[in-house]
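J.: One structure, pasted below without further comment.
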Amino acid sequence: MGGMGQIMEFAEQQALQQKFHCLSTDQINEIKSHLPDKKYYEFMYHAYFSERFDQLDDFYNKWKPSDEWTYPVDDLVRFKQILIDNSRHIKGKTILDLGSHLGYMSLFCLNLGCSRVRGIEPRVIKNNISSFVCNKAGYDNHIFDGASTHDDDFMGSDNVDTVLMSALIYHISDHDRVLNKISDSTASCLVIENREDMEIAFDSLPLLRPKTGQDDNGSWSKDGQKVAQSTPNQPWINKKMFSLGWQLERNTYFRVLSHTNHKRLMSTCVYTR
């Protein structure tokens, strides 16, 4: 009964999200057509929430994908904004996925035809899932390592065409340094996804707002001291990027339901040079 309740809850959430985003079934299927089989995305989270980070092949072989679960509509909207609408900056390009988490953005870049992707994720145990699933999906032109944007050499020594900052810009505090490092590289495109802070989102002034009330996941240590994360607004990002010689190709605001009980304002901006 509990399983059936969970299935009904997911189906209801999907229906609400589809209505909220005003998407037809054909439009949803069109987005899905640019993504790999949902089982890979599903397994990434299944392994992560099951705290399985090794012996993944055996775990995968004993696992069966859900017939009812599919890509959540909210996620499809995000993936379209971040990747699919920017496919010309992905196909045939070398990608750096900053803060790659479980590796699904990297996997999607591979599916869109990138020449190579490197994902960096300092919580290195996640990289086992990323590498395993990308291999299982049939790709070998990828690498995941434990670098962090806090490292001076996080960009690496290899040439890169496109840098992805998905769900990252609002989780760091040293924005100037990170954007400077990216600008010192060979990258010709930077895609930034931001979770907007409504207190500053539509202010005309460039603002960077520190987060408050964070737990240990909301800060990082430097020289033994906790450093608070901050969220920039679009004018702040624009001012910084323009000063570094980038041009704004596209900026889009959109909302996601976030489990249907809290609407979050997101944005995606694409910079080129």
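Labels for the structure tokens follow display order: chains A, B, ..., residues from 1 in each chain, ligands from 1.
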Give me the residues within 12 Å of A:Phe242 as a ChimeraX atom specification, counting only C-alpha atoms and dropping any in the same chain fewer than 6 places off.
T.: /A:179-180,183,234-236,248-249,271-273
J.: Give me every alpha helix (DSSP H) residue in stretch 62-108 of chain A, going by DSSP on the backbone, as a list of chain:residue names.
T.: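 Of stretch 62-108 of chain A, only A:Val73, A:Asp74, A:Asp75, A:Leu76, A:Val77, A:Arg78, A:Phe79, A:Lys80, A:Gln81, A:Ile82, A:Tyr104, A:Met105, A:Ser106, A:Leu107, A:Phe108 fall in alpha helix (DSSP H).
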J.: How about saving the chosen residues, all heavy atoms kept, as a short mmCIF file (atom, residue, chain, number, x, y, z; two decimals), in the first residue's frame?
T.:
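Okay, this is what ended up in again-v1.cif:
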```cif
data_model
loop_
_atom_site.label_atom_id
_atom_site.label_comp_id
_atom_site.auth_asym_id
_atom_site.auth_seq_id
_atom_site.Cartn_x
_atom_site.Cartn_y
_atom_site.Cartn_z
N VAL A 73 8.97 16.46 -14.33
CA VAL A 73 8.79 17.58 -15.25
C VAL A 73 9.65 18.77 -14.85
O VAL A 73 10.25 19.44 -15.70
CB VAL A 73 7.30 17.98 -15.33
CG1 VAL A 73 7.11 19.22 -16.20
CG2 VAL A 73 6.47 16.82 -15.88
N ASP A 74 9.72 19.06 -13.55
CA ASP A 74 10.60 20.14 -13.08
C ASP A 74 12.03 19.95 -13.57
O ASP A 74 12.69 20.90 -14.01
CB ASP A 74 10.59 20.22 -11.56
CG ASP A 74 9.58 21.22 -11.02
OD1 ASP A 74 8.91 21.89 -11.83
OD2 ASP A 74 9.45 21.32 -9.79
N ASP A 75 12.53 18.72 -13.47
CA ASP A 75 13.89 18.44 -13.92
C ASP A 75 14.02 18.62 -15.42
O ASP A 75 15.03 19.15 -15.91
CB ASP A 75 14.28 17.01 -13.53
CG ASP A 75 14.50 16.85 -12.04
OD1 ASP A 75 14.44 17.86 -11.32
OD2 ASP A 75 14.72 15.71 -11.60
N LEU A 76 13.00 18.20 -16.16
CA LEU A 76 13.04 18.37 -17.62
C LEU A 76 13.14 19.84 -18.00
O LEU A 76 13.86 20.21 -18.93
CB LEU A 76 11.80 17.74 -18.25
CG LEU A 76 11.70 16.21 -18.18
CD1 LEU A 76 10.35 15.75 -18.75
CD2 LEU A 76 12.85 15.55 -18.94
N VAL A 77 12.41 20.68 -17.28
CA VAL A 77 12.45 22.12 -17.55
C VAL A 77 13.86 22.65 -17.30
O VAL A 77 14.41 23.43 -18.09
CB VAL A 77 11.42 22.87 -16.68
CG1 VAL A 77 11.61 24.37 -16.78
CG2 VAL A 77 10.00 22.50 -17.12
N ARG A 78 14.47 22.23 -16.21
CA ARG A 78 15.84 22.65 -15.90
C ARG A 78 16.82 22.16 -16.97
O ARG A 78 17.66 22.92 -17.46
CB ARG A 78 16.28 22.10 -14.55
CG ARG A 78 15.63 22.75 -13.35
CD ARG A 78 16.25 22.21 -12.05
NE ARG A 78 17.67 22.44 -12.00
CZ ARG A 78 18.59 21.49 -11.75
NH1 ARG A 78 18.22 20.22 -11.53
NH2 ARG A 78 19.87 21.79 -11.72
N PHE A 79 16.72 20.88 -17.33
CA PHE A 79 17.67 20.32 -18.29
C PHE A 79 17.54 21.00 -19.65
O PHE A 79 18.54 21.19 -20.35
CB PHE A 79 17.46 18.81 -18.42
CG PHE A 79 17.61 18.06 -17.13
CD1 PHE A 79 16.97 16.84 -16.93
CD2 PHE A 79 18.39 18.55 -16.09
CE1 PHE A 79 17.10 16.14 -15.75
CE2 PHE A 79 18.54 17.86 -14.90
CZ PHE A 79 17.89 16.65 -14.73
N LYS A 80 16.33 21.36 -20.02
CA LYS A 80 16.12 22.07 -21.29
C LYS A 80 16.83 23.42 -21.25
O LYS A 80 17.52 23.81 -22.20
CB LYS A 80 14.63 22.24 -21.57
CG LYS A 80 14.33 22.95 -22.89
CD LYS A 80 12.82 23.04 -23.12
CE LYS A 80 12.50 23.63 -24.49
NZ LYS A 80 13.00 25.02 -24.65
N GLN A 81 16.65 24.16 -20.15
CA GLN A 81 17.24 25.48 -20.04
C GLN A 81 18.76 25.43 -20.00
O GLN A 81 19.45 26.26 -20.62
CB GLN A 81 16.73 26.18 -18.77
CG GLN A 81 15.25 26.50 -18.77
CD GLN A 81 14.90 27.64 -19.70
OE1 GLN A 81 15.78 28.37 -20.17
NE2 GLN A 81 13.63 27.80 -19.99
N ILE A 82 19.30 24.45 -19.28
CA ILE A 82 20.75 24.40 -19.08
C ILE A 82 21.47 23.77 -20.26
O ILE A 82 22.52 24.27 -20.70
CB ILE A 82 21.08 23.60 -17.80
CG1 ILE A 82 20.43 24.25 -16.58
CG2 ILE A 82 22.59 23.48 -17.60
CD1 ILE A 82 20.38 23.35 -15.36
N TYR A 104 24.97 13.46 -13.67
CA TYR A 104 23.93 13.38 -14.69
C TYR A 104 24.05 14.47 -15.75
O TYR A 104 23.75 14.23 -16.93
CB TYR A 104 22.52 13.35 -14.09
CG TYR A 104 22.20 14.42 -13.08
CD1 TYR A 104 21.79 15.67 -13.48
CD2 TYR A 104 22.27 14.16 -11.71
CE1 TYR A 104 21.48 16.65 -12.55
CE2 TYR A 104 21.96 15.12 -10.78
CZ TYR A 104 21.56 16.37 -11.20
OH TYR A 104 21.25 17.34 -10.28
N MET A 105 24.51 15.67 -15.38
CA MET A 105 24.72 16.70 -16.41
C MET A 105 25.83 16.27 -17.37
O MET A 105 25.73 16.49 -18.58
CB MET A 105 25.07 18.04 -15.76
CG MET A 105 23.92 18.72 -15.07
SD MET A 105 22.63 19.24 -16.24
CE MET A 105 21.49 20.04 -15.09
N SER A 106 26.85 15.64 -16.84
CA SER A 106 27.92 15.11 -17.69
C SER A 106 27.38 14.03 -18.61
O SER A 106 27.69 13.99 -19.80
CB SER A 106 29.05 14.55 -16.83
OG SER A 106 29.69 15.56 -16.08
N LEU A 107 26.56 13.13 -18.07
CA LEU A 107 25.95 12.09 -18.88
C LEU A 107 25.11 12.69 -19.99
O LEU A 107 25.16 12.24 -21.15
CB LEU A 107 25.07 11.18 -18.01
CG LEU A 107 24.21 10.15 -18.73
CD1 LEU A 107 25.07 9.15 -19.48
CD2 LEU A 107 23.29 9.44 -17.75
N PHE A 108 24.34 13.73 -19.68
CA PHE A 108 23.49 14.35 -20.69
C PHE A 108 24.33 15.03 -21.77
O PHE A 108 23.95 15.03 -22.95
CB PHE A 108 22.55 15.37 -20.05
CG PHE A 108 21.60 14.78 -19.03
CD1 PHE A 108 20.97 15.59 -18.11
CD2 PHE A 108 21.35 13.42 -18.99
CE1 PHE A 108 20.10 15.07 -17.17
CE2 PHE A 108 20.49 12.87 -18.05
CZ PHE A 108 19.86 13.70 -17.13
#
```
J.: I'd like the contact shell of A:Gly113 - 8 Å cut-off, only C-alpha atoms, skipping same-chain residues fewer than 6 positions apart - returned as a ChimeraX atom specification.
T.: /A:90-92
J.: For stretch 126-143 of chain A, please output as a list of chain:residue names all residues within 7 Å (counting only C-alpha atoms; exclusion window: fewer than 3 positions along the same chain).
T.: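 With the cut-off at 7 Å, the set is A:Tyr40, A:Met44, A:Phe53, A:Asp54, A:His101, A:Leu102, A:Gly103, A:Leu107, A:Arg116, A:Val117, A:Arg118, A:Gly119, A:Glu121, A:Arg123.
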J.: Between A:Ala167, A:Ile125, A:Leu98, A:Cys114, which is the closest to A:His150 once you count only C-alpha atoms?
T.: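 Counting only C-alpha atoms, the residue closest to A:His150 is A:Leu98.
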